[in-house]
Structures are given as structure tokens and as C-alpha cells.
$ cat model20.pdb   # PDB, C-alpha atoms and all ligand atoms
ATOM      1  CA  MET A  23      68.926   5.683 108.679  1.00  0.00           C
ATOM      2  CA  ALA A  24      70.958   5.558 105.434  1.00  0.00           C
ATOM      3  CA  SER A  25      71.535   8.621 103.299  1.00  0.00           C
ATOM      4  CA  ILE A  26      72.342   9.371  99.658  1.00  0.00           C
ATOM      5  CA  THR A  27      73.368  12.534  97.842  1.00  0.00           C
ATOM      6  CA  VAL A  28      71.381  13.962  94.957  1.00  0.00           C
ATOM      7  CA  GLY A  29      73.291  16.824  93.341  1.00  0.00           C
ATOM      8  CA  GLU A  30      74.065  18.958  96.372  1.00  0.00           C
ATOM      9  CA  ILE A  31      71.215  17.679  98.461  1.00  0.00           C
ATOM     10  CA  ASP A  32      71.638  15.116 101.225  1.00  0.00           C
ATOM     11  CA  VAL A  33      68.684  12.810 101.438  1.00  0.00           C
ATOM     12  CA  LEU A  34      67.869  10.607 104.418  1.00  0.00           C
ATOM     13  CA  VAL A  35      66.526   7.274 103.223  1.00  0.00           C
ATOM     14  CA  HIS A  36      64.109   5.327 105.343  1.00  0.00           C
ATOM     15  CA  LYS A  37      63.411   1.849 103.926  1.00  0.00           C
ATOM     16  CA  LYS A  38      60.048   0.511 104.966  1.00  0.00           C
ATOM     17  CA  ASN A  39      57.561  -2.113 104.083  1.00  0.00           C
ATOM     18  CA  ILE A  40      55.519   0.206 101.833  1.00  0.00           C
ATOM     19  CA  LYS A  41      54.448   0.322  98.192  1.00  0.00           C
ATOM     20  CA  ASN A  42      55.146   3.913  97.170  1.00  0.00           C
ATOM     21  CA  MET A  43      57.873   6.461  97.765  1.00  0.00           C
ATOM     22  CA  HIS A  44      57.166   9.498  99.913  1.00  0.00           C
ATOM     23  CA  LEU A  45      59.247  12.612 100.291  1.00  0.00           C
ATOM     24  CA  TYR A  46      59.249  14.933 103.296  1.00  0.00           C
ATOM     25  CA  VAL A  47      60.860  18.329 103.739  1.00  0.00           C
ATOM     26  CA  LEU A  48      61.339  18.642 107.466  1.00  0.00           C
ATOM     27  CA  PRO A  49      61.152  21.877 109.419  1.00  0.00           C
ATOM     28  CA  PRO A  50      62.951  23.901 110.542  1.00  0.00           C
ATOM     29  CA  ASP A  51      66.032  23.365 108.360  1.00  0.00           C
ATOM     30  CA  GLY A  52      64.478  21.770 105.274  1.00  0.00           C
ATOM     31  CA  VAL A  53      66.169  18.395 105.710  1.00  0.00           C
ATOM     32  CA  ILE A  54      64.949  15.900 103.092  1.00  0.00           C
ATOM     33  CA  ARG A  55      63.749  12.470 104.093  1.00  0.00           C
ATOM     34  CA  VAL A  56      62.290   9.814 101.808  1.00  0.00           C
ATOM     35  CA  SER A  57      60.388   6.729 102.812  1.00  0.00           C
ATOM     36  CA  VAL A  58      60.830   4.025 100.170  1.00  0.00           C
ATOM     37  CA  PRO A  59      59.986   0.360  99.621  1.00  0.00           C
ATOM     38  CA  VAL A  60      62.719  -1.962 100.886  1.00  0.00           C
ATOM     39  CA  ALA A  61      63.823  -3.222  97.447  1.00  0.00           C
ATOM     40  CA  VAL A  62      64.052   0.101  95.612  1.00  0.00           C
ATOM     41  CA  ALA A  63      67.415   1.055  93.968  1.00  0.00           C
ATOM     42  CA  ASP A  64      69.325   4.242  94.842  1.00  0.00           C
ATOM     43  CA  ASP A  65      69.055   5.521  91.254  1.00  0.00           C
ATOM     44  CA  THR A  66      65.283   5.220  91.395  1.00  0.00           C
ATOM     45  CA  ILE A  67      65.313   7.235  94.617  1.00  0.00           C
ATOM     46  CA  ARG A  68      67.535   9.879  92.960  1.00  0.00           C
ATOM     47  CA  LEU A  69      65.129  10.251  90.019  1.00  0.00           C
ATOM     48  CA  PHE A  70      62.256  10.535  92.455  1.00  0.00           C
ATOM     49  CA  VAL A  71      63.998  13.303  94.426  1.00  0.00           C
ATOM     50  CA  ILE A  72      64.926  15.143  91.201  1.00  0.00           C
ATOM     51  CA  SER A  73      61.285  15.052  90.081  1.00  0.00           C
ATOM     52  CA  LYS A  74      60.397  16.899  93.307  1.00  0.00           C
ATOM     53  CA  ILE A  75      63.117  19.548  93.168  1.00  0.00           C
ATOM     54  CA  GLY A  76      60.711  22.417  92.474  1.00  0.00           C
ATOM     55  CA  TRP A  77      58.579  21.494  95.430  1.00  0.00           C
ATOM     56  CA  ILE A  78      61.586  20.991  97.709  1.00  0.00           C
ATOM     57  CA  LYS A  79      62.844  24.496  96.899  1.00  0.00           C
ATOM     58  CA  LYS A  80      59.445  25.955  97.592  1.00  0.00           C
ATOM     59  CA  GLN A  81      59.202  24.225 100.970  1.00  0.00           C
ATOM     60  CA  ARG A  82      62.689  25.309 101.971  1.00  0.00           C
ATOM     61  CA  GLU A  83      61.841  28.882 101.048  1.00  0.00           C
ATOM     62  CA  LYS A  84      58.788  28.656 103.282  1.00  0.00           C
ATOM     63  CA  PHE A  85      60.863  27.503 106.234  1.00  0.00           C
ATOM     64  CA  LYS A  86      63.222  30.410 105.705  1.00  0.00           C
ATOM     65  CA  ASN A  87      60.274  32.794 105.776  1.00  0.00           C
ATOM     66  CA  GLN A  88      59.103  31.103 108.913  1.00  0.00           C
ATOM     67  CA  ALA A  89      62.438  31.823 110.606  1.00  0.00           C
ATOM     68  CA  ARG A  90      62.176  35.449 109.494  1.00  0.00           C
ATOM     69  CA  GLN A  91      58.627  35.617 110.709  1.00  0.00           C
ATOM     70  CA  SER A  92      59.585  34.409 114.186  1.00  0.00           C
ATOM     71  CA  ALA A  93      62.115  37.217 114.595  1.00  0.00           C
ATOM     72  CA  ARG A  94      59.345  39.644 115.450  1.00  0.00           C
ATOM     73  CA  GLU A  95      59.765  42.653 117.667  1.00  0.00           C
ATOM     74  CA  TYR A  96      56.135  43.638 118.174  1.00  0.00           C
ATOM     75  CA  ILE A  97      56.639  47.231 117.240  1.00  0.00           C
ATOM     76  CA  ASP A  98      54.561  49.793 115.346  1.00  0.00           C
ATOM     77  CA  GLY A  99      53.902  48.916 111.730  1.00  0.00           C
ATOM     78  CA  GLU A 100      54.503  45.173 111.893  1.00  0.00           C
ATOM     79  CA  SER A 101      51.898  43.025 110.189  1.00  0.00           C
ATOM     80  CA  VAL A 102      49.703  40.887 112.384  1.00  0.00           C
ATOM     81  CA  TYR A 103      46.978  38.528 111.218  1.00  0.00           C
ATOM     82  CA  VAL A 104      43.562  37.818 112.644  1.00  0.00           C
ATOM     83  CA  TRP A 105      41.322  35.275 110.899  1.00  0.00           C
ATOM     84  CA  GLY A 106      43.266  35.663 107.675  1.00  0.00           C
ATOM     85  CA  LYS A 107      43.092  39.451 107.600  1.00  0.00           C
ATOM     86  CA  ARG A 108      46.197  41.549 107.877  1.00  0.00           C
ATOM     87  CA  TYR A 109      46.390  44.421 110.348  1.00  0.00           C
ATOM     88  CA  ARG A 110      49.042  46.955 111.134  1.00  0.00           C
ATOM     89  CA  LEU A 111      50.238  46.614 114.710  1.00  0.00           C
ATOM     90  CA  MET A 112      50.295  49.771 116.825  1.00  0.00           C
ATOM     91  CA  ILE A 113      51.769  49.688 120.311  1.00  0.00           C
ATOM     92  CA  ARG A 114      50.114  51.933 122.872  1.00  0.00           C
ATOM     93  CA  HIS A 115      51.106  52.364 126.471  1.00  0.00           C
ATOM     94  CA  GLY A 116      48.632  52.087 129.284  1.00  0.00           C
ATOM     95  CA  SER A 117      49.038  51.669 133.005  1.00  0.00           C
ATOM     96  CA  LYS A 118      46.029  49.396 133.372  1.00  0.00           C
ATOM     97  CA  LYS A 119      45.509  45.893 132.023  1.00  0.00           C
ATOM     98  CA  ASN A 120      46.887  44.799 128.659  1.00  0.00           C
ATOM     99  CA  LYS A 121      44.291  44.916 125.929  1.00  0.00           C
ATOM    100  CA  VAL A 122      43.789  44.798 122.192  1.00  0.00           C
ATOM    101  CA  GLU A 123      41.542  46.966 120.062  1.00  0.00           C
ATOM    102  CA  ILE A 124      40.940  46.706 116.350  1.00  0.00           C
ATOM    103  CA  LYS A 125      40.074  49.878 114.466  1.00  0.00           C
ATOM    104  CA  GLY A 126      39.917  49.699 110.696  1.00  0.00           C
ATOM    105  CA  ASP A 127      43.088  48.042 109.498  1.00  0.00           C
ATOM    106  CA  ARG A 128      44.975  48.695 112.721  1.00  0.00           C
ATOM    107  CA  LEU A 129      45.406  46.493 115.734  1.00  0.00           C
ATOM    108  CA  TYR A 130      46.223  48.462 118.871  1.00  0.00           C
ATOM    109  CA  LEU A 131      48.087  46.556 121.546  1.00  0.00           C
ATOM    110  CA  TYR A 132      48.014  48.325 124.899  1.00  0.00           C
ATOM    111  CA  VAL A 133      50.910  47.305 127.120  1.00  0.00           C
ATOM    112  CA  ARG A 134      52.981  48.705 129.922  1.00  0.00           C
ATOM    113  CA  GLU A 135      55.613  51.240 128.953  1.00  0.00           C
ATOM    114  CA  LYS A 136      59.068  49.651 128.723  1.00  0.00           C
ATOM    115  CA  SER A 137      57.506  46.284 128.000  1.00  0.00           C
ATOM    116  CA  THR A 138      59.897  43.743 126.506  1.00  0.00           C
ATOM    117  CA  VAL A 139      59.392  41.941 123.198  1.00  0.00           C
ATOM    118  CA  ALA A 140      58.487  38.792 125.137  1.00  0.00           C
ATOM    119  CA  GLN A 141      55.889  40.652 127.193  1.00  0.00           C
ATOM    120  CA  ARG A 142      54.284  42.170 124.108  1.00  0.00           C
ATOM    121  CA  GLU A 143      54.240  38.799 122.421  1.00  0.00           C
ATOM    122  CA  LYS A 144      52.631  37.262 125.481  1.00  0.00           C
ATOM    123  CA  ALA A 145      49.980  39.972 125.657  1.00  0.00           C
ATOM    124  CA  LEU A 146      49.043  39.502 122.010  1.00  0.00           C
ATOM    125  CA  ASN A 147      49.088  35.719 122.287  1.00  0.00           C
ATOM    126  CA  GLU A 148      46.782  35.851 125.294  1.00  0.00           C
ATOM    127  CA  TRP A 149      44.320  37.855 123.261  1.00  0.00           C
ATOM    128  CA  TYR A 150      44.722  35.455 120.328  1.00  0.00           C
ATOM    129  CA  ARG A 151      44.131  32.492 122.630  1.00  0.00           C
ATOM    130  CA  ASN A 152      40.881  33.929 123.979  1.00  0.00           C
ATOM    131  CA  LEU A 153      39.685  34.723 120.484  1.00  0.00           C
ATOM    132  CA  LEU A 154      40.406  31.193 119.290  1.00  0.00           C
ATOM    133  CA  LYS A 155      38.902  29.628 122.410  1.00  0.00           C
ATOM    134  CA  ALA A 156      35.695  31.544 121.805  1.00  0.00           C
ATOM    135  CA  ALA A 157      35.440  30.220 118.251  1.00  0.00           C
ATOM    136  CA  VAL A 158      36.128  26.542 118.900  1.00  0.00           C
ATOM    137  CA  PRO A 159      33.125  25.303 120.992  1.00  0.00           C
ATOM    138  CA  THR A 160      30.441  26.049 118.387  1.00  0.00           C
ATOM    139  CA  LEU A 161      32.483  24.356 115.682  1.00  0.00           C
ATOM    140  CA  ILE A 162      33.105  21.285 117.816  1.00  0.00           C
ATOM    141  CA  GLU A 163      29.441  21.010 118.781  1.00  0.00           C
ATOM    142  CA  THR A 164      28.259  21.325 115.197  1.00  0.00           C
ATOM    143  CA  TRP A 165      30.791  18.874 113.822  1.00  0.00           C
ATOM    144  CA  GLN A 166      30.556  16.274 116.561  1.00  0.00           C
ATOM    145  CA  ASP A 167      26.954  15.821 115.477  1.00  0.00           C
ATOM    146  CA  LYS A 168      27.784  15.614 111.791  1.00  0.00           C
ATOM    147  CA  VAL A 169      30.754  13.271 112.221  1.00  0.00           C
ATOM    148  CA  ASP A 170      28.841  11.409 114.932  1.00  0.00           C
ATOM    149  CA  VAL A 171      31.622  11.229 117.506  1.00  0.00           C
ATOM    150  CA  LYS A 172      32.105  12.706 120.943  1.00  0.00           C
ATOM    151  CA  ILE A 173      35.322  14.062 122.391  1.00  0.00           C
ATOM    152  CA  GLU A 174      36.185  14.303 126.089  1.00  0.00           C
ATOM    153  CA  SER A 175      38.172  17.519 125.934  1.00  0.00           C
ATOM    154  CA  TRP A 176      39.975  19.984 123.717  1.00  0.00           C
ATOM    155  CA  ALA A 177      42.658  22.565 124.258  1.00  0.00           C
ATOM    156  CA  VAL A 178      44.623  25.223 122.477  1.00  0.00           C
ATOM    157  CA  LYS A 179      48.362  24.794 122.182  1.00  0.00           C
ATOM    158  CA  ASN A 180      51.020  26.844 120.436  1.00  0.00           C
ATOM    159  CA  MET A 181      52.636  24.292 118.127  1.00  0.00           C
ATOM    160  CA  LYS A 182      55.429  24.636 115.615  1.00  0.00           C
ATOM    161  CA  THR A 183      54.845  21.736 113.250  1.00  0.00           C
ATOM    162  CA  ARG A 184      51.189  20.786 113.239  1.00  0.00           C
ATOM    163  CA  TRP A 185      47.829  22.482 112.975  1.00  0.00           C
ATOM    164  CA  GLY A 186      46.060  20.046 115.181  1.00  0.00           C
ATOM    165  CA  SER A 187      46.283  16.646 116.757  1.00  0.00           C
ATOM    166  CA  CYS A 188      44.006  14.048 118.194  1.00  0.00           C
ATOM    167  CA  ASN A 189      44.581  11.589 121.004  1.00  0.00           C
ATOM    168  CA  ILE A 190      42.195   8.848 120.013  1.00  0.00           C
ATOM    169  CA  VAL A 191      42.348   6.957 123.328  1.00  0.00           C
ATOM    170  CA  ALA A 192      41.784  10.014 125.519  1.00  0.00           C
ATOM    171  CA  LYS A 193      39.410  11.524 122.902  1.00  0.00           C
ATOM    172  CA  ARG A 194      41.208  14.798 123.207  1.00  0.00           C
ATOM    173  CA  ILE A 195      41.828  17.355 120.472  1.00  0.00           C
ATOM    174  CA  TRP A 196      44.594  19.942 120.361  1.00  0.00           C
ATOM    175  CA  VAL A 197      44.143  23.001 118.201  1.00  0.00           C
ATOM    176  CA  ASN A 198      47.120  25.113 117.197  1.00  0.00           C
ATOM    177  CA  LEU A 199      46.994  28.679 118.504  1.00  0.00           C
ATOM    178  CA  GLN A 200      48.357  29.852 115.133  1.00  0.00           C
ATOM    179  CA  LEU A 201      45.030  28.971 113.486  1.00  0.00           C
ATOM    180  CA  VAL A 202      43.590  32.223 114.829  1.00  0.00           C
ATOM    181  CA  LYS A 203      45.738  33.953 112.187  1.00  0.00           C
ATOM    182  CA  LYS A 204      44.256  31.931 109.318  1.00  0.00           C
ATOM    183  CA  PRO A 205      40.830  32.291 107.709  1.00  0.00           C
ATOM    184  CA  LEU A 206      38.109  30.766 109.884  1.00  0.00           C
ATOM    185  CA  PRO A 207      37.244  27.969 107.376  1.00  0.00           C
ATOM    186  CA  CYS A 208      40.769  26.635 108.002  1.00  0.00           C
ATOM    187  CA  LEU A 209      40.076  26.188 111.718  1.00  0.00           C
ATOM    188  CA  GLU A 210      36.850  24.429 110.822  1.00  0.00           C
ATOM    189  CA  TYR A 211      38.735  22.101 108.471  1.00  0.00           C
ATOM    190  CA  VAL A 212      41.287  21.196 111.161  1.00  0.00           C
ATOM    191  CA  ILE A 213      38.530  20.426 113.658  1.00  0.00           C
ATOM    192  CA  VAL A 214      36.714  18.179 111.192  1.00  0.00           C
ATOM    193  CA  HIS A 215      40.017  16.490 110.331  1.00  0.00           C
ATOM    194  CA  GLU A 216      40.813  15.755 113.962  1.00  0.00           C
ATOM    195  CA  LEU A 217      37.277  14.580 114.781  1.00  0.00           C
ATOM    196  CA  THR A 218      37.449  12.249 111.793  1.00  0.00           C
ATOM    197  CA  HIS A 219      40.476  10.591 113.381  1.00  0.00           C
ATOM    198  CA  LEU A 220      38.089   9.159 115.978  1.00  0.00           C
ATOM    199  CA  LEU A 221      36.585   7.158 113.121  1.00  0.00           C
ATOM    200  CA  GLU A 222      39.835   6.380 111.327  1.00  0.00           C
ATOM    201  CA  LYS A 223      43.289   6.615 112.835  1.00  0.00           C
ATOM    202  CA  SER A 224      45.457   7.017 109.746  1.00  0.00           C
ATOM    203  CA  HIS A 225      45.245   9.133 106.597  1.00  0.00           C
ATOM    204  CA  ASN A 226      44.155   6.272 104.397  1.00  0.00           C
ATOM    205  CA  GLU A 227      41.426   5.921 101.779  1.00  0.00           C
ATOM    206  CA  VAL A 228      38.781   5.401 104.427  1.00  0.00           C
ATOM    207  CA  PHE A 229      39.805   8.649 106.109  1.00  0.00           C
ATOM    208  CA  VAL A 230      39.732  10.552 102.809  1.00  0.00           C
ATOM    209  CA  ALA A 231      36.303   9.114 101.988  1.00  0.00           C
ATOM    210  CA  TYR A 232      34.993  10.382 105.334  1.00  0.00           C
ATOM    211  CA  MET A 233      36.443  13.823 104.705  1.00  0.00           C
ATOM    212  CA  ASP A 234      34.895  13.905 101.224  1.00  0.00           C
ATOM    213  CA  GLN A 235      31.578  13.043 102.777  1.00  0.00           C
ATOM    214  CA  PHE A 236      31.703  15.520 105.684  1.00  0.00           C
ATOM    215  CA  MET A 237      33.396  18.434 103.959  1.00  0.00           C
ATOM    216  CA  PRO A 238      33.538  17.995 100.169  1.00  0.00           C
ATOM    217  CA  GLU A 239      35.693  21.111  99.740  1.00  0.00           C
ATOM    218  CA  TRP A 240      38.246  20.143 102.422  1.00  0.00           C
ATOM    219  CA  ARG A 241      41.129  20.123  99.924  1.00  0.00           C
ATOM    220  CA  MET A 242      40.554  23.755  99.117  1.00  0.00           C
ATOM    221  CA  ARG A 243      40.655  24.651 102.799  1.00  0.00           C
ATOM    222  CA  LYS A 244      43.781  22.586 103.321  1.00  0.00           C
ATOM    223  CA  ASN A 245      45.453  24.344 100.378  1.00  0.00           C
ATOM    224  CA  THR A 246      44.564  27.702 101.881  1.00  0.00           C
ATOM    225  CA  LEU A 247      46.264  26.622 105.101  1.00  0.00           C
ATOM    226  CA  ASN A 248      49.345  25.488 103.218  1.00  0.00           C
ATOM    227  CA  GLU A 249      49.672  28.795 101.419  1.00  0.00           C
ATOM    228  CA  TYR A 250      50.534  30.174 104.791  1.00  0.00           C
ATOM    229  CA  ILE A 251      53.794  29.753 106.552  1.00  0.00           C
ATOM    230  CA  LEU A 252      53.265  26.822 108.850  1.00  0.00           C
ATOM    231  CA  ASP A 253      52.662  23.516 107.097  1.00  0.00           C
ATOM    232  CA  TYR A 254      50.089  20.999 108.092  1.00  0.00           C
ATOM    233  CA  VAL A 255      52.146  17.961 108.997  1.00  0.00           C
ATOM    234  CA  ASP A 256      49.788  16.351 111.458  1.00  0.00           C
ATOM    235  CA  GLY A 257      49.464  12.622 111.330  1.00  0.00           C
ATOM    236  CA  GLN A 258      53.040  11.440 111.566  1.00  0.00           C
ATOM    237  CA  GLU A 259      52.849  10.382 115.187  1.00  0.00           C
ATOM    238  CA  LEU A 260      49.264   9.640 116.002  1.00  0.00           C
ATOM    239  CA  THR A 261      48.480   8.100 119.315  1.00  0.00           C
TER     240      THR A 261
HETATM  241 ZN    ZN A 301      45.511  13.791 110.735  1.00  0.00          ZN
END
$ encode --input "model20.pdb" --output "C-alpha cells" --more "lines below"
Ligand SMILES: [Zn+2]
Amino acid sequence: MASITVGEIDVLVHKKNIKNMHLYVLPPDGVIRVSVPVAVADDTIRLFVISKIGWIKKQREKFKNQARQSAREYIDGESVYVWGKRYRLMIRHGSKKNKVEIKGDRLYLYVREKSTVAQREKALNEWYRNLLKAAVPTLIETWQDKVDVKIESWAVKNMKTRWGSCNIVAKRIWVNLQLVKKPLPCLEYVIVHELTHLLEKSHNEVFVAYMDQFMPEWRMRKNTLNEYILDYVDGQELT
């Protein structure tokens, strides 16, 4: 892939048989890649990148926050999110099984004394996973009917770069574990999005028309998701 420099920014240039230019800020380091029509001139690409500078900075800032966010210690006072609501984490020691209790604005995580960061993270993630798994079936059932498709299976997966994905051939949907931290309507949006892929593989006009039909306010839900740290970048490598 070729590259050009715009001010102090290195830009990877991918020439393709397409009509419009697209710009991507790639996690985790905020590398810039543009997809452009084959015949477009470098100066045109530069102007295009410059017109997106504000957005590029914002995305890069988000990735930085994401790195900060991942350096968690799971100690008293840290913020944890459940369905879009923020709670204060409190670590409590118990000799029995790990568990989580929510009281008011506090989330109590009961773990073994001398537990490591990784063990506390695992205990919380297990609880998160069960919570998410309990919420998914009803949504899938409801929306399979409305979208008029049927999947073979679904699973929860902790993913870094996408909220969901759909294997069209196997009719299998993956849902990102991180969605349990976002407001519930966001999970619903992702499920509808992935189910819609069974009708239309790519994010084209047909796909958008389906989404408008099934969930007229899907853009609002998608924006809510994007206000949060992880970006929705599903769709780049659909199978
Ligand atoms: Zn998609």
C-alpha cells in the first residue's frame, strides 16, 4: 500500500475501484488509511484528509482513552458500567464463590483475598457474560420474527474492534461482551444490525433501507454506541 504525508500525518493510501473516498482511523494506534478511486490525485487526497482533521483528532483521542481504560486494576472506587449506568466498584473478600452484588450506586465484587488483577477481572467478566447472555435470547427471538430470518447459533465474545459480527453462511452471530456496559438499546441495535446481514451482506443502500424499516431510530442508537470508547467498526471483513 502506498502512503503520503499530510502535514505531520502519515496516510496509507489504498487505491480501489470505487467512486468515493473513505477515511479510516484504525485502532489501537490511530493510523490513518484512505480508500480512494484509482485515478484520484495526491493533492485531492490531501485536501480530503485535511477536511477530516477534526474528526481524526477526536478518534485518536478516543483510542488513547481506550488504552487508559484497559489499564484497570479492579480496586475500590474504580468506575464500572452496567447497561450504561456507572457504578463505583468495591472489592470485598469472601472465602466462598466469587459473586457480584449491586447496591445503590455501588457494585460489590466478592473475590478471594490476595486475588490478582487478572482474577478480579475474570470474576467481573464472568458476571458480565452471564448478564449479557440472559439478555440476548429474548432480543434475538423478537427480532428474528420482525426481520424474518433465522440464525443457527449465537455467542458472546470479548472483542476489541467490533460490536458484533455475523457469519452469513453458518448463520451465526457474535455479540461483543463489552455491550453489557452500554445502554440496552445499543445491544438491541447490534442484534438487529447483525440479523439484517442475513438479508444483505454489505452496508449498502439496501442494508440501510432495511435498517430504516426495522428500526427507524437506529442511527441514534449507533451514535450512542459511538459516544463510548469502543467504536463500531463491524463490516470490514464479512464472511
Ligand atoms: Zn455490519
$ resolve_selection --input "model20.pdb" --expression "the PyMOL selection byres (((chain A and resi 143-152) around 8) and not hetatm)" --output "PDB file with C-alpha atoms, in the frame of the given file"
ATOM      1  CA  TYR A  96      56.135  43.638 118.174  1.00  0.00           C
ATOM      2  CA  ASN A 120      46.887  44.799 128.659  1.00  0.00           C
ATOM      3  CA  LYS A 121      44.291  44.916 125.929  1.00  0.00           C
ATOM      4  CA  VAL A 122      43.789  44.798 122.192  1.00  0.00           C
ATOM      5  CA  LEU A 131      48.087  46.556 121.546  1.00  0.00           C
ATOM      6  CA  VAL A 133      50.910  47.305 127.120  1.00  0.00           C
ATOM      7  CA  VAL A 139      59.392  41.941 123.198  1.00  0.00           C
ATOM      8  CA  ALA A 140      58.487  38.792 125.137  1.00  0.00           C
ATOM      9  CA  GLN A 141      55.889  40.652 127.193  1.00  0.00           C
ATOM     10  CA  ARG A 142      54.284  42.170 124.108  1.00  0.00           C
ATOM     11  CA  LEU A 153      39.685  34.723 120.484  1.00  0.00           C
ATOM     12  CA  LEU A 154      40.406  31.193 119.290  1.00  0.00           C
ATOM     13  CA  LYS A 155      38.902  29.628 122.410  1.00  0.00           C
ATOM     14  CA  ALA A 156      35.695  31.544 121.805  1.00  0.00           C
ATOM     15  CA  VAL A 178      44.623  25.223 122.477  1.00  0.00           C
ATOM     16  CA  LEU A 199      46.994  28.679 118.504  1.00  0.00           C
ATOM     17  CA  VAL A 202      43.590  32.223 114.829  1.00  0.00           C
TER      18      VAL A 202
END
$ residues_near_point --input "model20.pdb" --point "(61.2, 21.6, 102.4)" --cutoff "12 Å" --atoms "only C-alpha atoms" --output "VMD selection string"
chain A and resid 31 33 45 to 56 71 74 to 88 251 to 253 255
$ write_last_selection --input "model20.pdb" --atoms "C-alpha atoms" --output "PDB file, in the frame of the given file"
ATOM      1  CA  ILE A  31      71.215  17.679  98.461  1.00  0.00           C
ATOM      2  CA  VAL A  33      68.684  12.810 101.438  1.00  0.00           C
ATOM      3  CA  LEU A  45      59.247  12.612 100.291  1.00  0.00           C
ATOM      4  CA  TYR A  46      59.249  14.933 103.296  1.00  0.00           C
ATOM      5  CA  VAL A  47      60.860  18.329 103.739  1.00  0.00           C
ATOM      6  CA  LEU A  48      61.339  18.642 107.466  1.00  0.00           C
ATOM      7  CA  PRO A  49      61.152  21.877 109.419  1.00  0.00           C
ATOM      8  CA  PRO A  50      62.951  23.901 110.542  1.00  0.00           C
ATOM      9  CA  ASP A  51      66.032  23.365 108.360  1.00  0.00           C
ATOM     10  CA  GLY A  52      64.478  21.770 105.274  1.00  0.00           C
ATOM     11  CA  VAL A  53      66.169  18.395 105.710  1.00  0.00           C
ATOM     12  CA  ILE A  54      64.949  15.900 103.092  1.00  0.00           C
ATOM     13  CA  ARG A  55      63.749  12.470 104.093  1.00  0.00           C
ATOM     14  CA  VAL A  56      62.290   9.814 101.808  1.00  0.00           C
ATOM     15  CA  VAL A  71      63.998  13.303  94.426  1.00  0.00           C
ATOM     16  CA  LYS A  74      60.397  16.899  93.307  1.00  0.00           C
ATOM     17  CA  ILE A  75      63.117  19.548  93.168  1.00  0.00           C
ATOM     18  CA  GLY A  76      60.711  22.417  92.474  1.00  0.00           C
ATOM     19  CA  TRP A  77      58.579  21.494  95.430  1.00  0.00           C
ATOM     20  CA  ILE A  78      61.586  20.991  97.709  1.00  0.00           C
ATOM     21  CA  LYS A  79      62.844  24.496  96.899  1.00  0.00           C
ATOM     22  CA  LYS A  80      59.445  25.955  97.592  1.00  0.00           C
ATOM     23  CA  GLN A  81      59.202  24.225 100.970  1.00  0.00           C
ATOM     24  CA  ARG A  82      62.689  25.309 101.971  1.00  0.00           C
ATOM     25  CA  GLU A  83      61.841  28.882 101.048  1.00  0.00           C
ATOM     26  CA  LYS A  84      58.788  28.656 103.282  1.00  0.00           C
ATOM     27  CA  PHE A  85      60.863  27.503 106.234  1.00  0.00           C
ATOM     28  CA  LYS A  86      63.222  30.410 105.705  1.00  0.00           C
ATOM     29  CA  ASN A  87      60.274  32.794 105.776  1.00  0.00           C
ATOM     30  CA  GLN A  88      59.103  31.103 108.913  1.00  0.00           C
ATOM     31  CA  ILE A 251      53.794  29.753 106.552  1.00  0.00           C
ATOM     32  CA  LEU A 252      53.265  26.822 108.850  1.00  0.00           C
ATOM     33  CA  ASP A 253      52.662  23.516 107.097  1.00  0.00           C
ATOM     34  CA  VAL A 255      52.146  17.961 108.997  1.00  0.00           C
TER      35      VAL A 255
END
$ resolve_selection --input "model20.pdb" --expression "the PyMOL selection byres (((chain A and resi 179) around 9) and not hetatm)" --output "PDB file with C-alpha atoms, in the coordinates of the input"
ATOM      1  CA  ARG A 151      44.131  32.492 122.630  1.00  0.00           C
ATOM      2  CA  ALA A 177      42.658  22.565 124.258  1.00  0.00           C
ATOM      3  CA  VAL A 178      44.623  25.223 122.477  1.00  0.00           C
ATOM      4  CA  ASN A 180      51.020  26.844 120.436  1.00  0.00           C
ATOM      5  CA  MET A 181      52.636  24.292 118.127  1.00  0.00           C
ATOM      6  CA  GLY A 186      46.060  20.046 115.181  1.00  0.00           C
ATOM      7  CA  TRP A 196      44.594  19.942 120.361  1.00  0.00           C
ATOM      8  CA  VAL A 197      44.143  23.001 118.201  1.00  0.00           C
ATOM      9  CA  ASN A 198      47.120  25.113 117.197  1.00  0.00           C
ATOM     10  CA  LEU A 199      46.994  28.679 118.504  1.00  0.00           C
ATOM     11  CA  GLN A 200      48.357  29.852 115.133  1.00  0.00           C
TER      12      GLN A 200
END
$ closest_residue --input "model20.pdb" --among "A:Tyr103, A:Glu95, A:Gly126, A:Ser25" --to "A:Arg68" --atoms "only C-alpha atoms"
A:Ser25
$ closest_residue --input "model20.pdb" --among "A:Leu221, A:Cys188, A:Ala157, A:Met233" --to "A:Leu209" --atoms "only C-alpha atoms"
A:Ala157
$ residues_around --input "model20.pdb" --residues "stretch 39-42 of chain A" --least-positions-apart "3" --cutoff "7 Å" --atoms "all atoms listed in the file" --output "VMD selection string"
chain A and resid 58 to 60
$ write_last_selection --input "model20.pdb" --atoms "C-alpha atoms" --output "PDB file, keeping the file's coordinate frame"
ATOM      1  CA  VAL A  58      60.830   4.025 100.170  1.00  0.00           C
ATOM      2  CA  PRO A  59      59.986   0.360  99.621  1.00  0.00           C
ATOM      3  CA  VAL A  60      62.719  -1.962 100.886  1.00  0.00           C
TER       4      VAL A  60
END
$ resolve_selection --input "model20.pdb" --expression "the PyMOL selection byres (((chain A and resi 222) around 12) and not hetatm)" --output "list in words"
Val169, Val171, Cys188, Asn189, Ile190, His215, Glu216, Leu217, Thr218, His219, Leu220, Leu221, Lys223, Ser224, His225, Asn226, Glu227, Val228, Phe229, Val230, Ala231, Tyr232, Met233, Gly257, Leu260 and Thr261 of chain A
$ residues_near_point --input "model20.pdb" --point "(33.5, 12.6, 130.4)" --cutoff "12 Å" --atoms "all atoms listed in the file" --output "ChimeraX atom specification"
/A:172-176,192-194
$ decode --input "model20.pdb" --residues "stretch 134-152 of chain A" --atoms "C-alpha atoms" --output "CSV table (one decimal), in the first residue's frame"
chain,number,residue,atom,x,y,z
A,134,ARG,CA,-10.7,-14.3,47.3
A,135,GLU,CA,-8.3,-12.3,49.4
A,136,LYS,CA,-5.0,-11.8,47.6
A,137,SER,CA,-6.7,-12.1,44.3
A,138,THR,CA,-4.7,-10.7,41.4
A,139,VAL,CA,-5.9,-8.1,38.9
A,140,ALA,CA,-6.4,-10.8,36.3
A,141,GLN,CA,-8.5,-12.9,38.7
A,142,ARG,CA,-10.7,-9.9,39.6
A,143,GLU,CA,-11.1,-9.0,36.0
A,144,LYS,CA,-12.1,-12.6,35.2
A,145,ALA,CA,-14.6,-12.7,38.1
A,146,LEU,CA,-16.3,-9.5,36.9
A,147,ASN,CA,-16.2,-10.5,33.3
A,148,GLU,CA,-17.9,-13.8,34.1
A,149,TRP,CA,-20.7,-12.0,35.8
A,150,TYR,CA,-20.9,-9.6,32.8
A,151,ARG,CA,-21.1,-12.5,30.5
A,152,ASN,CA,-24.0,-14.2,32.3
